[in-house]
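Novice: Here it is, the structure in full.
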2 protein chains.
Amino acid sequence: MKAYLISIGDELLIGQTVNSNAAFIGAQLSDNNISIIKSSVISDDIKTIINEINLAVSLADLVICTGGLGPTADDLTRSAVVQYFNTELVFNEQALEDIKSMFKRRGRELKDAHKDQAMVPKNAIIIRNENGTAPGYWIEDNNKIIIVMPGVPYEMKAMVTNFVIPKLVDYIGKPKEYIKKITLQTTGLPESLLAERIGNLDELLGEAKLAFLPNQYGVRLRVTVQSTEEEQANNFLSEIEQKLRSKIGRYVYGRGDETLEEVVGRMLKERELRIATAESCTGGGLGDRITNISGSSRYYERGVITYSNAAKVELLKVNEDIMAEKGAVSAEVAMQMAEGVKSISGCDIGISLTGIMGPSGGVTDKPVGTVYIGFCDDKLCTAKRFQFGEDRILNKNRATQAALEMIRRSLLGIPFDE
Amino acid sequence: MKAYLISIGDELLIGQTVNSNAAFIGAQLSDNNISIIKSSVISDDIKTIINEINLAVSLADLVICTGGLGPTADDLTRSAVVQYFNTELVFNEQALEDIKSMFKRRGRELKDAHKDQAMVPKNAIIIRNENGTAPGYWIEDNNKIIIVMPGVPYEMKAMVTNFVIPKLVDYIGKPKEYIKKITLQTTGLPESLLAERIGNLDELLGEAKLAFLPNQYGVRLRVTVQSTEEEQANNFLSEIEQKLRSKIGRYVYGRGDETLEEVVGRMLKERELRIATAESCTGGGLGDRITNISGSSRYYERGVITYSNAAKVELLKVNEDIMAEKGAVSAEVAMQMAEGVKSISGCDIGISLTGIMGPSGGVTDKPVGTVYIGFCDDKLCTAKRFQFGEDRILNKNRATQAALEMIRRSLLGIPFDE
């Protein structure tokens with residue numbers, strides 16, 4: 001089954017809103033063996049909407065439209081659907097009930113504009129909306145399925161999860177072709193060096209596909225296999241994963257959407273270890289990422305953001321003379337920061353960051369993007385130098401990623417430098 | 001001038017990556033009077049890419065493609081472009097120089113895969129890439145402009161800002177119709193209440209348009225006016241801005257893309273005030289935002305992330321008995337944290353956050369989303385309670401936003417509670 005996604009709304013075209021809806025629906029569909037051939041964003045305009053549905057139906061078996069179903073004047077999707085199918089609006093009892101009960105829950109007064117949303121295209125099965133007033137539509141029309149939903153993310157998401165996906169899975173039945181994917185998250189090696197270490201792809205992949213997806217945190221490797229037999233597809237996939245891991249295993253920190261803070265957090269919890277952070281250049285970004293994980297209080301005890309030199313001395317007992325001699329951005333100070341926060345917190349691991357994030361402040365031997373990350377546990381106290389780029393925010397994110405990776409490597413006994 | 005955006009990459013179709021590139025480019029174009037008629041996402045497949053460029057060129061004057069220019073085998077956009085224009089690849093000296101110097105900066109070794117990226121379509125003007133190895137292409141072909149750039153956001157963004165937009169503006173010359181936009185950033189009041197305070201829109205706007213754009217940090221108000229005279233458009237715009245500010249001025253913290261940390265940072269610098277943070281539930285997120293601003297070391301002295309109760313006592317002298325009685329998430333503890341960090345740092349302002357971010361950990365009188373923010377300066381020491389939602393990450397972001405807003409209000413003498 002081939003799907004075509006249509007996102008309707010000027011705010012998407014002019015970039016005032018990022019199109020996360022298409023990403024959500026795309027992920028849901030591909031997880032259920034439905035391939036997305038194309039996704040488009042168009043303007044709130046009846047003709048434009050009708051033309052796009054025409055194009056989509058000519059290319060795909062399933063067309064999913066989001067946006068433009070609200071109660072206000074600029075919501076034109078319903079009219080476009082009615083015109084496209086040359087049908088009419090009919091009153092839907094269930095839709096009105098849902099609208100009423102939602103207003104009751106929210107303690108708001110029902111307006112006619114909202115009652116009007118119970119009028120739906122005659123040929124549509126409604127998709128109930130738990131979180132808003134506009135119902136969605138499920139329309140089957142000569143062997144094609146057209147689905148229309150509101151653009152408000154949490155309204156749409158509930159409809160997709162609770163109704164659309166189950167009904168689609170049911171509709172498709174057992175797929176003829178199984179498309180299985182796996183993503184390996186790597187960090188520490190650029191795309192080109194990863195490719196080099198992986199070596200001959202044809203040999204490795206055969207019929208499978210491998211995509212390199214770089215971002216600020218590293219490179220994600222997505223492997224896709226296709227087979228008429230589900231088990232065969234799965235076996236093939238794990239075979240390739242094993243081969244990949246045998247070549248670049250130490251750079252792989254996670255699978256799927258796992259974040260490095262998630263992976264490191266899980267390891268710390270399992271090992272019942274506690275950690276403390278001492279941040280200068282990242283200003284709390286590392287602590288922020290660690291505490292994005294629910295339950296992190298189990299292993300994250302405290303952090304200090306020693307942005308000034310005075311704070312480094314007062315909170316972490318960094319030696320002023322050494323700081324004066326080597327500079328606040330140095331391996332020595334990084335180590336003393338890590339050691340200092342480990343000792344004041346009594347944690348098993350202390351990690352620190354000090355660097356020059358830019359855009360200004362660089363010097364010849366320490367240009368913008370220079371970061372020292374200090375690491376101390378009961379066995380080892382060391383610091384590693386990194387050279388990132390010119391962009392301040394990217395540098396902060398890449399530095400916190402590198403710090404988390406040092407923790408991961410230390411827990412797995414992987415050297416920091418290989 | 002009409003633009004058509006093409007984003008290339010399976011990772012976008014299957015929702016592995018949210019298409020923020022299209023949003024960025026869309027915003028840049030619309031800010032420069034170029035209307036985006038359509039945006040599409042397609043698969044990494046040569047035929048598909050060629051067909052889509054064909055479609056785009058038939059509908060628009062400007063076609064901007066992103067993605068698929070990397071050094072690895074799954075990057076097919078360059079080949080597609082060469083085939084579409086029926087041209088050939090030629091070596092580009094400048095491109096190679098840029099690649100070499102980037103590798104030199106990063107202290108990495110140059111690989112053939114990268115040298116190959118200096119081979120570009122014969123009919124292309126290259127768009128230099130400061131942050132990566134793949135140059136972009138600017139191609140003019142019977143009165144249409146086709147632009148091709150890498151999909152890595154920070155590489156593409158620099159190209160758009162430094163080369164594409166200036167060259168486009170130059171190419172277009174003086175527009176017939178001036179479309180002027182201004183966005184006011186507000187926080188602290190939900191969409192519906194803002195609308196209520198603004199009142200009658202027709203009266204306020206006349207021919208102009210007003211869009212309410214809520215996000216996790218607040219509601220952005222976008223005003224759009226259109227006129228054949230640039231000056232008239234600008235006057236009309238500032239007229240409306242004044243009227244809006246007269247009604248909801250205290251909730252407006254910035255214009256355009258300004259962030260609250262930017263605005264607050266500027267104010268602290270001007271007033272030569274220094275600030276320190278004490279974070280529990282946000283785990284460093286506030287310090288991270290403050291230090292996203294270059295030059296923040298001028299006013300941000302230090303922070304502590306007292307995630308454990310022990311850390312609250314040891315680093316901030318929070319009273320154990322009061323914490324035991326009132327709980328770590330309480331107005332009393334928030335105030336002691338703010339007071340504590342102000343006194344140990346000797347800063348003018350101490351700000352603190354303690355709360356329950358969820359998804360678990362809520363209790364009847366303090367459900368998930370409860371946050372106390374403490375504020376202390378030389379005149380005042382107080383705490384304010386906030387009730388956010390169920391999502392952990394959103395709660396953290398909304399809490400840091402609320403803390404920055406309390407600082408802004410204190411500096412402007414606006415009460416925290418009105």
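Convention: chains lettered A, B, ... in structure tokens order; per-chain residue numbering from 1; ligands numbered from 1 as shown.
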For chain A, work out the contacting residues on chain B at 7 Å, counting only C-alpha atoms, and write them as JSON, numbers by chain.
Specialist: {"B": [12, 13, 14, 15, 16, 17, 18, 19, 20, 22, 23, 24, 26, 27, 30, 36, 37, 38, 39, 40, 41, 42, 43, 71, 74, 106, 152, 282, 283, 284, 285, 287, 288, 291, 292, 297, 301, 302, 303, 304, 305, 306, 307, 308, 311, 393]}
Novice: Computed after least-squares fitting of chain A to chain B on all C-alpha atoms in order, what is the RMSD in Å?
Specialist: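 C-alpha RMSD, chain A fitted to chain B: 2.6 Å.
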Novice: Pick out each residue of segment 237-341 of chain B that DSSP on the backbone tags as strand (DSSP E); I need them as a PyMOL selection string.
Specialist: chain B and resi 252-255+275-279+300-305
Novice: Would you list, as number ranges by chain, the residues of segment 83-178 of chain B that end up in alpha helix (DSSP H) under DSSP run on this structure's backbone?
Specialist: B: 83-84, 93-106, 112-115, 153-159, 165-172
Novice: Quick one: distance from atom CA of Val318 of chain A to atom CA of Met337 of chain A in Å, one decimal?
Specialist: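 Interatomic distance, atom CA of Val318 of chain A to atom CA of Met337 of chain A: 6.4 Å.
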Novice: What does the structure give for the distance between atom CA of Met159 of chain A and atom CA of Asp44 of chain A, in Å to one decimal?
Specialist: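 One can read the atom CA of Met159 of chain A to atom CA of Asp44 of chain A distance as 21.7 Å.
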Novice: In terms of the shortest atom-to-atom distance over only C-alpha atoms, which of B:Lys115, B:Lys366, B:Arg274, B:Arg250 is closest to Gly346 of chain B?
Specialist: B:Arg274
Novice: Which residues are close to Leu412 of chain B, i.e. within 12 Å by only C-alpha atoms, leaving aside same-chain residues fewer than 3 positions away? Reply as a PDB file with C-alpha atoms, in the first residue's frame.
Specialist:
```pdb
ATOM      1  CA  GLY B 249       2.165  45.313  26.097  1.00  0.00           C
ATOM      2  CA  ARG B 250       3.358  43.726  29.306  1.00  0.00           C
ATOM      3  CA  TYR B 251       3.074  40.230  27.814  1.00  0.00           C
ATOM      4  CA  TYR B 253       8.831  40.361  25.446  1.00  0.00           C
ATOM      5  CA  VAL B 263      16.028  40.034  25.719  1.00  0.00           C
ATOM      6  CA  VAL B 264      16.753  39.372  29.393  1.00  0.00           C
ATOM      7  CA  MET B 267      18.700  44.094  29.874  1.00  0.00           C
ATOM      8  CA  LEU B 268      21.055  42.583  32.452  1.00  0.00           C
ATOM      9  CA  ARG B 271      21.968  47.505  33.818  1.00  0.00           C
ATOM     10  CA  GLU B 405       9.906  36.120  32.310  1.00  0.00           C
ATOM     11  CA  MET B 406      10.027  36.745  36.072  1.00  0.00           C
ATOM     12  CA  ILE B 407      13.506  38.223  35.624  1.00  0.00           C
ATOM     13  CA  ARG B 408      12.295  40.406  32.739  1.00  0.00           C
ATOM     14  CA  ARG B 409       9.311  41.639  34.722  1.00  0.00           C
ATOM     15  CA  PRO B 415       4.265  42.741  38.908  1.00  0.00           C
ATOM     16  CA  PHE B 416       4.706  38.950  38.639  1.00  0.00           C
TER      17      PHE B 416
END
```
Novice: If I take atom CA of Met102 of chain A and atom CA of Asn131 of chain A, how far is one from the other in Å, to one decimal?
Specialist: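 We find that atom CA of Met102 of chain A and atom CA of Asn131 of chain A lie 7.4 Å from each other.
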Novice: Residues at most 9 Å from segment 79-82 of chain A, counting only C-alpha atoms, excluding those fewer than 3 positions away in the same chain, as a ChimeraX atom specification?
Specialist: /A:45-50,53,75-76,85-89,120-122,148
Novice: Mind writing the picked residues with C-alpha atoms as a PDB file, in the first residue's frame?
Specialist:
```pdb
ATOM      1  CA  ASP A  45      -7.150  27.300  -0.875  1.00  0.00           C
ATOM      2  CA  ILE A  46     -10.063  25.191  -2.137  1.00  0.00           C
ATOM      3  CA  LYS A  47      -8.813  24.787  -5.714  1.00  0.00           C
ATOM      4  CA  THR A  48      -5.299  23.988  -4.537  1.00  0.00           C
ATOM      5  CA  ILE A  49      -6.606  21.368  -2.106  1.00  0.00           C
ATOM      6  CA  ILE A  50      -8.802  19.724  -4.765  1.00  0.00           C
ATOM      7  CA  ILE A  53      -6.078  15.398  -3.737  1.00  0.00           C
ATOM      8  CA  ASP A  75     -10.545  26.484   7.326  1.00  0.00           C
ATOM      9  CA  LEU A  76     -11.510  25.283   3.851  1.00  0.00           C
ATOM     10  CA  PHE A  85     -16.339  14.019  -4.122  1.00  0.00           C
ATOM     11  CA  ASN A  86     -19.228  16.058  -5.448  1.00  0.00           C
ATOM     12  CA  THR A  87     -21.202  15.155  -2.327  1.00  0.00           C
ATOM     13  CA  GLU A  88     -22.999  17.108   0.415  1.00  0.00           C
ATOM     14  CA  LEU A  89     -22.764  17.811   4.142  1.00  0.00           C
ATOM     15  CA  VAL A 120     -19.719  16.103   7.700  1.00  0.00           C
ATOM     16  CA  PRO A 121     -19.383  14.875   4.089  1.00  0.00           C
ATOM     17  CA  LYS A 122     -22.115  12.337   3.294  1.00  0.00           C
ATOM     18  CA  VAL A 148      -8.938  13.878   6.538  1.00  0.00           C
TER      19      VAL A 148
END
```
